[in-house]
$ cat coords22.csv   # CSV, C-alpha atoms
chain,number,residue,atom,x,y,z
A,6,MET,CA,0.6,-26.9,4.5
A,7,SER,CA,3.1,-28.8,6.7
A,8,GLU,CA,5.5,-27.0,9.0
A,9,GLY,CA,8.5,-27.9,7.0
A,10,HIS,CA,7.0,-26.5,3.8
A,11,ALA,CA,6.1,-23.3,5.6
A,12,GLN,CA,9.7,-22.8,6.7
A,13,ALA,CA,11.1,-23.5,3.2
A,14,LEU,CA,9.1,-20.5,1.9
A,15,VAL,CA,10.9,-18.1,4.3
A,16,ALA,CA,14.3,-16.8,3.5
A,17,GLU,CA,16.9,-17.0,6.3
A,18,GLN,CA,16.8,-13.4,7.3
A,19,PHE,CA,13.0,-13.3,8.1
A,20,ASP,CA,11.2,-14.5,11.2
A,21,ASP,CA,8.2,-15.7,9.3
A,22,VAL,CA,6.1,-15.5,6.1
A,23,GLU,CA,4.3,-12.5,7.3
A,24,GLN,CA,7.5,-10.5,7.8
A,25,GLN,CA,8.9,-11.6,4.5
A,26,ARG,CA,5.7,-10.5,2.7
A,27,GLY,CA,5.8,-7.2,4.4
A,28,ALA,CA,9.4,-6.6,3.5
A,29,THR,CA,8.8,-7.6,-0.1
A,30,SER,CA,5.9,-5.3,-0.7
A,31,LEU,CA,7.6,-2.5,1.2
A,32,GLY,CA,10.7,-2.8,-1.1
A,33,MET,CA,8.4,-2.6,-4.1
A,34,TRP,CA,6.7,0.5,-2.7
A,35,VAL,CA,10.1,2.2,-2.2
A,36,PHE,CA,10.9,1.5,-5.9
A,37,LEU,CA,7.5,2.9,-6.9
A,38,ALA,CA,8.2,6.0,-4.9
A,39,THR,CA,11.3,6.6,-7.1
A,40,GLU,CA,9.2,6.0,-10.2
A,41,VAL,CA,6.7,8.6,-9.0
A,42,LEU,CA,9.6,11.1,-9.0
A,43,PHE,CA,10.9,9.8,-12.3
A,44,PHE,CA,7.5,10.6,-14.0
A,45,GLY,CA,7.2,13.6,-11.7
A,46,GLY,CA,9.9,15.4,-13.5
A,47,LEU,CA,8.0,15.1,-16.8
A,48,PHE,CA,4.7,16.1,-15.2
A,49,CYS,CA,6.5,19.1,-13.7
A,50,GLY,CA,7.9,20.1,-17.1
A,51,TYR,CA,4.4,19.7,-18.5
A,52,THR,CA,2.9,21.9,-15.9
A,53,LEU,CA,5.5,24.6,-16.3
A,54,TYR,CA,5.2,24.9,-20.1
A,55,ARG,CA,1.5,24.5,-20.1
A,56,GLY,CA,1.4,27.5,-17.8
A,57,LEU,CA,3.7,29.4,-20.2
A,58,TYR,CA,2.1,28.4,-23.5
A,59,SER,CA,-1.4,27.3,-22.6
A,60,SER,CA,-2.9,28.0,-26.0
A,61,ALA,CA,-0.3,25.9,-27.8
A,62,PHE,CA,-0.9,23.0,-25.4
A,63,GLU,CA,-4.6,23.2,-26.0
A,64,ALA,CA,-4.1,23.3,-29.8
A,65,GLY,CA,-1.6,20.4,-29.5
A,66,SER,CA,-4.2,18.4,-27.6
A,67,HIS,CA,-6.6,18.8,-30.5
A,68,LEU,CA,-4.0,17.1,-32.7
A,69,LEU,CA,-4.3,13.9,-30.7
A,70,LYS,CA,-7.2,11.5,-31.1
A,71,ILE,CA,-9.5,11.0,-28.0
A,72,LYS,CA,-10.6,7.6,-29.3
A,73,PHE,CA,-7.0,6.3,-28.8
A,74,GLY,CA,-6.6,7.8,-25.4
A,75,ALA,CA,-10.0,6.6,-24.1
A,76,SER,CA,-9.5,3.1,-25.4
A,77,TYR,CA,-6.1,2.8,-23.8
A,78,THR,CA,-7.6,4.0,-20.5
A,79,VAL,CA,-10.3,1.3,-20.7
A,80,MET,CA,-7.8,-1.4,-21.7
A,81,LEU,CA,-5.5,-0.5,-18.8
A,82,ILE,CA,-8.3,-0.5,-16.3
A,83,CYS,CA,-9.4,-3.9,-17.6
A,84,SER,CA,-5.9,-5.2,-17.3
A,85,SER,CA,-5.6,-3.8,-13.8
A,86,LEU,CA,-8.7,-5.7,-12.8
A,87,THR,CA,-7.4,-9.0,-14.3
A,88,MET,CA,-4.0,-8.4,-12.6
A,89,ALA,CA,-5.7,-7.9,-9.3
A,90,LEU,CA,-7.8,-11.1,-9.8
A,91,GLY,CA,-4.6,-12.9,-10.8
A,92,VAL,CA,-2.9,-11.9,-7.5
A,93,ARG,CA,-6.1,-13.1,-5.8
A,94,ALA,CA,-5.9,-16.4,-7.6
A,95,ALA,CA,-2.3,-16.8,-6.6
A,96,GLN,CA,-3.3,-16.1,-2.9
A,97,LEU,CA,-6.0,-18.7,-3.2
A,98,ARG,CA,-3.5,-21.2,-4.9
A,99,ARG,CA,-5.6,-21.5,-8.0
A,100,ARG,CA,-3.0,-22.2,-10.7
A,101,LYS,CA,-5.4,-22.4,-13.6
A,102,ALA,CA,-7.1,-19.1,-12.7
A,103,LEU,CA,-3.7,-17.4,-12.2
A,104,LEU,CA,-2.6,-18.5,-15.7
A,105,ILE,CA,-5.8,-17.3,-17.3
A,106,PHE,CA,-5.7,-13.9,-15.6
A,107,LEU,CA,-2.0,-13.5,-16.4
A,108,ILE,CA,-2.5,-14.2,-20.1
A,109,ILE,CA,-5.4,-11.8,-20.3
A,110,THR,CA,-3.4,-9.1,-18.7
A,111,ILE,CA,-0.4,-9.8,-21.0
A,112,LEU,CA,-2.7,-9.6,-24.1
A,113,LEU,CA,-4.3,-6.3,-23.0
A,114,GLY,CA,-0.8,-4.8,-22.3
A,115,ALA,CA,0.6,-6.1,-25.6
A,116,ALA,CA,-2.5,-4.8,-27.5
A,117,PHE,CA,-2.0,-1.4,-25.9
A,118,VAL,CA,1.7,-1.1,-27.0
A,119,PHE,CA,0.8,-2.5,-30.5
A,120,ILE,CA,-2.0,-0.1,-31.1
A,121,LYS,CA,0.0,2.8,-29.8
A,122,LEU,CA,3.0,2.1,-32.1
A,123,ARG,CA,1.3,0.7,-35.2
A,124,TYR,CA,-1.7,3.0,-35.4
A,125,GLU,CA,-1.4,6.1,-33.2
A,126,TRP,CA,2.3,7.0,-33.5
A,127,TYR,CA,2.5,5.9,-37.1
A,128,GLY,CA,-0.6,8.0,-37.8
A,129,ASP,CA,1.1,11.0,-36.1
A,130,TYR,CA,4.2,10.4,-38.3
A,131,LEU,CA,2.1,10.4,-41.4
A,132,GLU,CA,0.5,13.7,-40.3
A,133,HIS,CA,4.0,15.2,-39.9
A,134,LEU,CA,3.6,15.7,-36.1
A,135,VAL,CA,6.8,14.2,-34.8
A,136,PRO,CA,9.2,17.0,-33.5
A,137,GLY,CA,12.8,16.4,-34.4
A,138,ILE,CA,11.9,14.0,-37.2
A,139,ASP,CA,9.2,15.6,-39.2
A,140,PHE,CA,7.2,18.4,-37.7
A,141,ALA,CA,5.2,20.3,-40.3
A,142,PRO,CA,1.5,20.3,-39.4
A,143,GLU,CA,-0.7,20.8,-42.5
A,144,GLY,CA,-4.4,20.9,-43.5
A,145,GLU,CA,-6.9,20.6,-40.6
A,146,ASN,CA,-4.1,20.4,-38.0
A,147,LEU,CA,-2.7,23.7,-39.2
A,148,VAL,CA,-6.2,25.3,-39.1
A,149,VAL,CA,-6.7,24.1,-35.5
A,150,ILE,CA,-3.3,25.6,-34.5
A,151,GLN,CA,-4.1,28.9,-36.1
A,152,ARG,CA,-7.6,28.9,-34.5
A,153,PHE,CA,-5.9,28.8,-31.1
A,154,GLY,CA,-3.4,31.4,-32.2
A,155,ALA,CA,-0.5,29.1,-31.1
A,156,ALA,CA,3.1,29.4,-32.3
A,157,LEU,CA,4.4,26.3,-34.1
A,158,PRO,CA,7.5,25.9,-31.9
A,159,HIS,CA,5.3,25.9,-28.8
A,160,VAL,CA,3.0,23.3,-30.3
A,161,SER,CA,6.0,21.2,-31.2
A,162,LEU,CA,7.0,21.5,-27.5
A,163,PHE,CA,3.7,19.9,-26.5
A,164,MET,CA,4.1,17.2,-29.1
A,165,PHE,CA,7.6,16.5,-27.7
A,166,LEU,CA,6.3,16.1,-24.2
A,167,TYR,CA,3.5,13.9,-25.5
A,168,PHE,CA,5.9,11.6,-27.2
A,169,VAL,CA,8.3,11.5,-24.3
A,170,MET,CA,5.7,11.0,-21.6
A,171,THR,CA,3.6,8.4,-23.5
A,172,GLY,CA,6.9,6.8,-24.8
A,173,VAL,CA,8.3,6.3,-21.4
A,174,HIS,CA,5.0,5.0,-20.3
A,175,ALA,CA,4.9,2.6,-23.2
A,176,LEU,CA,8.4,1.5,-22.3
A,177,HIS,CA,7.1,0.7,-18.8
A,178,MET,CA,4.3,-1.3,-20.4
A,179,ILE,CA,6.8,-3.3,-22.4
A,180,ILE,CA,8.8,-4.1,-19.3
A,181,GLY,CA,5.6,-5.0,-17.5
A,182,VAL,CA,4.5,-7.4,-20.3
A,183,GLY,CA,8.0,-9.0,-20.1
A,184,LEU,CA,7.7,-9.3,-16.3
A,185,LEU,CA,4.2,-10.9,-16.6
A,186,ALA,CA,5.4,-13.3,-19.3
A,187,THR,CA,8.1,-14.5,-17.0
A,188,LEU,CA,5.6,-14.9,-14.2
A,189,PHE,CA,3.4,-16.9,-16.6
A,190,ILE,CA,6.1,-19.4,-17.5
A,191,LEU,CA,7.0,-19.8,-13.8
A,192,ALA,CA,3.3,-20.1,-12.9
A,193,TRP,CA,2.9,-22.7,-15.6
A,194,ARG,CA,5.6,-24.7,-13.8
A,195,GLY,CA,3.7,-24.5,-10.6
A,196,HIS,CA,5.4,-21.6,-8.9
A,197,PHE,CA,3.4,-19.0,-6.9
A,198,THR,CA,0.5,-21.2,-6.1
A,199,GLY,CA,2.1,-23.0,-3.2
A,200,GLY,CA,2.0,-20.1,-0.8
A,201,HIS,CA,4.9,-18.1,-2.2
A,202,TYR,CA,2.9,-15.5,-4.3
A,203,GLU,CA,5.0,-12.4,-3.5
A,204,PRO,CA,6.5,-12.1,-7.1
A,205,VAL,CA,2.9,-11.9,-8.5
A,206,GLU,CA,1.9,-9.4,-5.8
A,207,ILE,CA,4.8,-7.0,-6.5
A,208,SER,CA,4.6,-7.3,-10.2
A,209,GLY,CA,0.9,-6.4,-9.8
A,210,LEU,CA,1.9,-3.3,-7.8
A,211,TYR,CA,4.1,-2.3,-10.7
A,212,TRP,CA,1.4,-2.9,-13.3
A,213,HIS,CA,-1.2,-0.9,-11.3
A,214,PHE,CA,1.4,1.9,-10.9
A,215,VAL,CA,1.8,2.1,-14.7
A,216,ASP,CA,-2.0,2.2,-14.9
A,217,ILE,CA,-2.1,5.2,-12.5
A,218,VAL,CA,0.4,7.1,-14.7
A,219,TRP,CA,-1.9,6.7,-17.6
A,220,ILE,CA,-4.9,7.8,-15.6
A,221,PHE,CA,-3.1,11.2,-15.3
A,222,LEU,CA,-1.7,11.2,-18.8
A,223,PHE,CA,-5.1,10.7,-20.5
A,224,PRO,CA,-6.8,13.9,-19.3
A,225,LEU,CA,-3.7,16.0,-19.3
A,226,LEU,CA,-2.6,15.2,-22.9
A,227,TYR,CA,-5.8,14.2,-24.7
A,228,LEU,CA,-8.6,16.1,-23.1
A,229,ILE,CA,-7.5,19.7,-22.7
A,230,GLY,CA,-8.5,22.6,-24.9
A,231,GLY,CA,-12.2,22.3,-24.7
A,232,ARG,CA,-14.0,20.2,-27.3
A,233,TYR,CA,-17.3,22.0,-27.0
B,22,MET,CA,1.5,-7.5,4.6
B,23,THR,CA,-0.9,-9.7,6.4
B,24,GLU,CA,-2.4,-12.0,3.8
B,25,HIS,CA,-5.8,-10.4,3.1
B,26,ILE,CA,-7.9,-11.8,0.3
B,27,VAL,CA,-10.1,-9.1,-1.1
B,28,PRO,CA,-13.6,-10.3,-2.2
B,29,LYS,CA,-14.1,-10.5,-5.9
B,30,LYS,CA,-17.1,-8.2,-5.6
B,31,ILE,CA,-14.9,-5.3,-4.4
B,32,TYR,CA,-12.6,-5.6,-7.3
B,33,ILE,CA,-15.5,-5.6,-9.8
B,34,LEU,CA,-17.1,-2.7,-8.0
B,35,VAL,CA,-13.8,-0.7,-8.1
B,36,PHE,CA,-13.4,-1.6,-11.8
B,37,ALA,CA,-17.0,-0.4,-12.6
B,38,ILE,CA,-16.3,2.9,-10.8
B,39,LEU,CA,-13.1,3.4,-12.7
B,40,ILE,CA,-14.8,2.9,-16.0
B,41,ALA,CA,-17.6,5.3,-15.0
B,42,PHE,CA,-15.0,7.9,-14.0
B,43,THR,CA,-13.3,7.5,-17.4
B,44,ALA,CA,-16.6,8.2,-19.2
B,45,LEU,CA,-17.2,11.1,-16.9
B,46,THR,CA,-13.8,12.7,-17.5
B,47,THR,CA,-14.3,12.3,-21.2
B,48,ALA,CA,-17.7,13.9,-21.0
B,49,VAL,CA,-16.4,16.8,-19.0
B,50,ALA,CA,-13.9,17.5,-21.8
B,51,TYR,CA,-16.8,18.3,-24.0
B,52,THR,CA,-18.5,20.5,-21.5
B,53,ASP,CA,-17.5,24.2,-20.9
B,54,LEU,CA,-16.7,24.7,-17.3
B,55,GLY,CA,-14.2,27.5,-17.9
B,56,PRO,CA,-11.1,27.2,-15.8
B,57,PHE,CA,-12.7,24.3,-13.8
B,58,ASN,CA,-12.3,21.9,-16.7
B,59,THR,CA,-8.7,21.2,-15.6
B,60,VAL,CA,-9.6,21.2,-11.9
B,61,VAL,CA,-12.4,18.6,-12.4
B,62,ALA,CA,-10.2,16.5,-14.7
B,63,LEU,CA,-7.5,16.4,-12.1
B,64,ALA,CA,-9.9,15.7,-9.3
B,65,ILE,CA,-11.3,12.7,-11.2
B,66,ALA,CA,-7.8,11.5,-11.9
B,67,VAL,CA,-6.9,11.7,-8.2
B,68,CYS,CA,-10.0,9.8,-7.3
B,69,LYS,CA,-9.3,7.1,-9.8
B,70,ALA,CA,-5.6,6.8,-8.7
B,71,SER,CA,-6.8,6.6,-5.0
B,72,LEU,CA,-9.1,3.7,-5.8
B,73,VAL,CA,-6.4,1.8,-7.6
B,74,VAL,CA,-3.9,2.4,-4.7
B,75,LEU,CA,-6.4,1.5,-2.0
B,76,PHE,CA,-8.0,-1.6,-3.5
B,77,PHE,CA,-6.0,-3.0,-6.4
B,78,MET,CA,-2.7,-2.2,-4.7
B,79,HIS,CA,-4.0,-3.3,-1.3
B,80,MET,CA,-3.0,-0.1,0.5
B,81,LYS,CA,-6.2,-0.2,2.5
B,82,TYR,CA,-5.0,-3.5,4.0
B,83,ASN,CA,-1.3,-2.7,4.3
B,84,PRO,CA,0.6,-1.9,7.5
B,85,GLY,CA,1.8,1.7,8.3
B,86,MET,CA,5.3,1.4,6.7
B,87,THR,CA,4.0,1.3,3.1
B,88,ARG,CA,1.7,4.2,3.8
B,89,ILE,CA,4.8,6.3,4.9
B,90,VAL,CA,6.5,5.4,1.7
B,91,LEU,CA,3.5,6.5,-0.3
B,92,ALA,CA,3.2,9.7,1.7
B,93,ALA,CA,6.9,10.3,1.0
B,94,ALA,CA,6.4,9.8,-2.7
B,95,VAL,CA,3.5,12.2,-2.9
B,96,GLY,CA,5.2,14.7,-0.5
B,97,TRP,CA,8.4,14.9,-2.6
B,98,LEU,CA,6.4,15.2,-5.8
B,99,ALA,CA,4.6,18.2,-4.2
B,100,ILE,CA,8.0,19.7,-3.3
B,101,LEU,CA,9.3,19.2,-6.8
B,102,LEU,CA,6.2,20.9,-8.3
B,103,ALA,CA,5.9,23.7,-5.7
B,104,LEU,CA,9.5,24.8,-5.7
B,105,THR,CA,9.9,24.7,-9.5
B,106,LEU,CA,6.7,26.6,-10.1
B,107,THR,CA,7.2,29.2,-7.5
B,108,ASP,CA,10.7,29.8,-8.9
B,109,VAL,CA,9.6,30.2,-12.5
B,110,SER,CA,6.5,32.3,-11.7
B,111,SER,CA,8.4,34.7,-9.4
B,112,ARG,CA,11.5,35.2,-11.6
B,113,HIS,CA,10.3,38.4,-13.2
B,114,TRP,CA,9.0,40.0,-10.0
B,115,LEU,CA,12.2,42.0,-9.4
B,116,PRO,CA,14.3,43.5,-12.1
B,117,ALA,CA,17.8,42.3,-12.5
B,118,PRO,CA,20.3,44.5,-10.5
B,119,GLN,CA,22.2,47.2,-12.4
B,120,GLY,CA,25.1,45.8,-14.3
B,121,TRP,CA,23.8,42.2,-14.3
B,122,GLU,CA,23.9,41.7,-18.0
B,123,SER,CA,23.6,38.1,-18.9
B,124,SER,CA,25.4,36.8,-21.9
B,125,ALA,CA,22.6,34.2,-22.3
B,126,PRO,CA,19.8,35.1,-24.6
B,127,SER,CA,17.0,36.8,-22.7
B,128,PRO,CA,14.1,34.5,-21.9
B,129,ARG,CA,11.0,34.7,-24.0
B,130,PRO,CA,8.4,37.1,-22.7
B,131,ARG,CA,5.6,35.5,-20.9

$ encode --input "coords22.csv" --output "structure tokens"
Amino acid sequence: MSEGHAQALVAEQFDDVEQQRGATSLGMWVFLATEVLFFGGLFCGYTLYRGLYSSAFEAGSHLLKIKFGASYTVMLICSSLTMALGVRAAQLRRRKALLIFLIITILLGAAFVFIKLRYEWYGDYLEHLVPGIDFAPEGENLVVIQRFGAALPHVSLFMFLYFVMTGVHALHMIIGVGLLATLFILAWRGHFTGGHYEPVEISGLYWHFVDIVWIFLFPLLYLIGGRY
Amino acid sequence: MTEHIVPKKIYILVFAILIAFTALTTAVAYTDLGPFNTVVALAIAVCKASLVVLFFMHMKYNPGMTRIVLAAAVGWLAILLALTLTDVSSRHWLPAPQGWESSAPSPRPR
């Protein structure tokens, strides 16, 4: 890279590329810290009410389907790997590899949201498990709730937290997919593989953060209450 | 951040460990460990999150400033949880003083 090109990459307020990169990723980490507290409020509410109504939370967890939770986890971990490899491709200035990894990540993210809305949530709706819209568990679900000796309003509180926490998470996924789609178009036009890969790097940070949120949501929502 | 290109091998290894931990945490849900089910599940989740932060999010190769931000995020989350939970769990330790009748409906018994 020529000297002139290197300077064009650096905005006026920075001394050099290194400082610019440091500032960019620091800014993203500060944003992610606010996101930790945003989700933290929900996790705090979850902890509080699980402490108060533990049997209802365990019964509620049995109303969810582990196969969904586990496959989302695998999909998100795969997408985190492809995202990390995408950032690496941008660092190495490999445009084609960057495009391939971005599109795989986008597809995995979109599949996550699609399966969640079309199959899992719609299934929950058909089973009358959506508080505020139609919450009247019946059949096997009701048997499970009675086996745990849980009160219906408390189970509905669990389902409410489930929908809000996974819903806000899914919203983050949708934003992430939009972000990556924008990166894809720009990368197609040759951006990011000329040394200025920071947007890919910080979008990657966001994507990995959303993965981490799911890493906690999966055991806390889907896996409690003992399946033995 | 100093430009640090992580070898592909490391990413794949981290990925494999994350998948293995996912299988492990699911298996633990089907095993009776008493109160330790939740502890083990959370410990595995913290390990997985740490791997993602260290390698996928390049924290291992980052300068100190971003580490301070991460520590601040975790620290404030701890404050949020600790103060809320100590408040709620200690509310019924002392009876309300004489004459302190609240007009609000009494909280549900624990």

$ interface_residues --input "coords22.csv" --of "chain A" --to "chain B" --cutoff "7 Å" --atoms "all atoms listed in the file" --output "JSON, numbers by chain"
{"A": [23, 26, 27, 31, 34, 35, 38, 41, 42, 45, 49, 53, 57, 79, 82, 86, 89, 93, 210, 213, 217, 220, 221, 224, 228, 229, 231, 232, 233]}

$ atom_distance --input "coords22.csv" --atom1 "atom CA of Pro136 of chain A" --atom2 "atom CA of Arg112 of chain B"
28.6 Å

$ closest_residue --input "coords22.csv" --among "A:Cys83, A:Leu112, A:Ala155, A:Leu131" --to "Ile38 of chain B" --atoms "only C-alpha atoms"
A:Cys83

$ residues_near_point --input "coords22.csv" --point "(6.4, 14.3, -28.6)" --cutoff "12 Å" --atoms "only C-alpha atoms" --output "VMD selection string"
chain A and resid 47 51 62 65 to 66 68 to 69 126 129 to 130 133 to 140 159 to 173 226

$ atom_distance --input "coords22.csv" --atom1 "atom CA of Gln25 of chain A" --atom2 "atom CA of Ile105 of chain A"
26.9 Å

$ atom_distance --input "coords22.csv" --atom1 "atom CA of Ala156 of chain A" --atom2 "atom CA of Arg55 of chain A"
13.2 Å

$ residues_around --input "coords22.csv" --residues "Phe73 of chain A" --least-positions-apart "5" --cutoff "10 Å" --atoms "only C-alpha atoms" --output "list in words"
Thr78, Phe117, Ile120, Lys121, Tyr124, Glu125, Phe223 and Tyr227 of chain A

$ write_last_selection --input "coords22.csv" --atoms "C-alpha atoms" --output "PDB file, in the coordinates of the input"
ATOM      1  CA  THR A  78      -7.600   4.000 -20.500  1.00  0.00           C
ATOM      2  CA  PHE A 117      -2.000  -1.400 -25.900  1.00  0.00           C
ATOM      3  CA  ILE A 120      -2.000  -0.100 -31.100  1.00  0.00           C
ATOM      4  CA  LYS A 121       0.000   2.800 -29.800  1.00  0.00           C
ATOM      5  CA  TYR A 124      -1.700   3.000 -35.400  1.00  0.00           C
ATOM      6  CA  GLU A 125      -1.400   6.100 -33.200  1.00  0.00           C
ATOM      7  CA  PHE A 223      -5.100  10.700 -20.500  1.00  0.00           C
ATOM      8  CA  TYR A 227      -5.800  14.200 -24.700  1.00  0.00           C
TER       9      TYR A 227
END

$ residues_around --input "coords22.csv" --residues "segment 188-197 of chain A" --least-positions-apart "3" --cutoff "10 Å" --atoms "only C-alpha atoms" --output "short mmCIF file (atom, residue, chain, number, x, y, z; two decimals) with C-alpha atoms, in the frame of the given file"
data_model
loop_
_atom_site.label_atom_id
_atom_site.label_comp_id
_atom_site.auth_asym_id
_atom_site.auth_seq_id
_atom_site.Cartn_x
_atom_site.Cartn_y
_atom_site.Cartn_z
CA VAL A 92 -2.90 -11.90 -7.50
CA ALA A 94 -5.90 -16.40 -7.60
CA ALA A 95 -2.30 -16.80 -6.60
CA GLN A 96 -3.30 -16.10 -2.90
CA ARG A 98 -3.50 -21.20 -4.90
CA ARG A 99 -5.60 -21.50 -8.00
CA ARG A 100 -3.00 -22.20 -10.70
CA LYS A 101 -5.40 -22.40 -13.60
CA LEU A 103 -3.70 -17.40 -12.20
CA LEU A 104 -2.60 -18.50 -15.70
CA ILE A 105 -5.80 -17.30 -17.30
CA PHE A 106 -5.70 -13.90 -15.60
CA LEU A 107 -2.00 -13.50 -16.40
CA ILE A 108 -2.50 -14.20 -20.10
CA ILE A 111 -0.40 -9.80 -21.00
CA VAL A 182 4.50 -7.40 -20.30
CA GLY A 183 8.00 -9.00 -20.10
CA LEU A 184 7.70 -9.30 -16.30
CA LEU A 185 4.20 -10.90 -16.60
CA GLY A 200 2.00 -20.10 -0.80
CA HIS A 201 4.90 -18.10 -2.20
CA TYR A 202 2.90 -15.50 -4.30
CA GLU A 203 5.00 -12.40 -3.50
CA PRO A 204 6.50 -12.10 -7.10
CA VAL A 205 2.90 -11.90 -8.50
CA GLU A 206 1.90 -9.40 -5.80
CA SER A 208 4.60 -7.30 -10.20
#
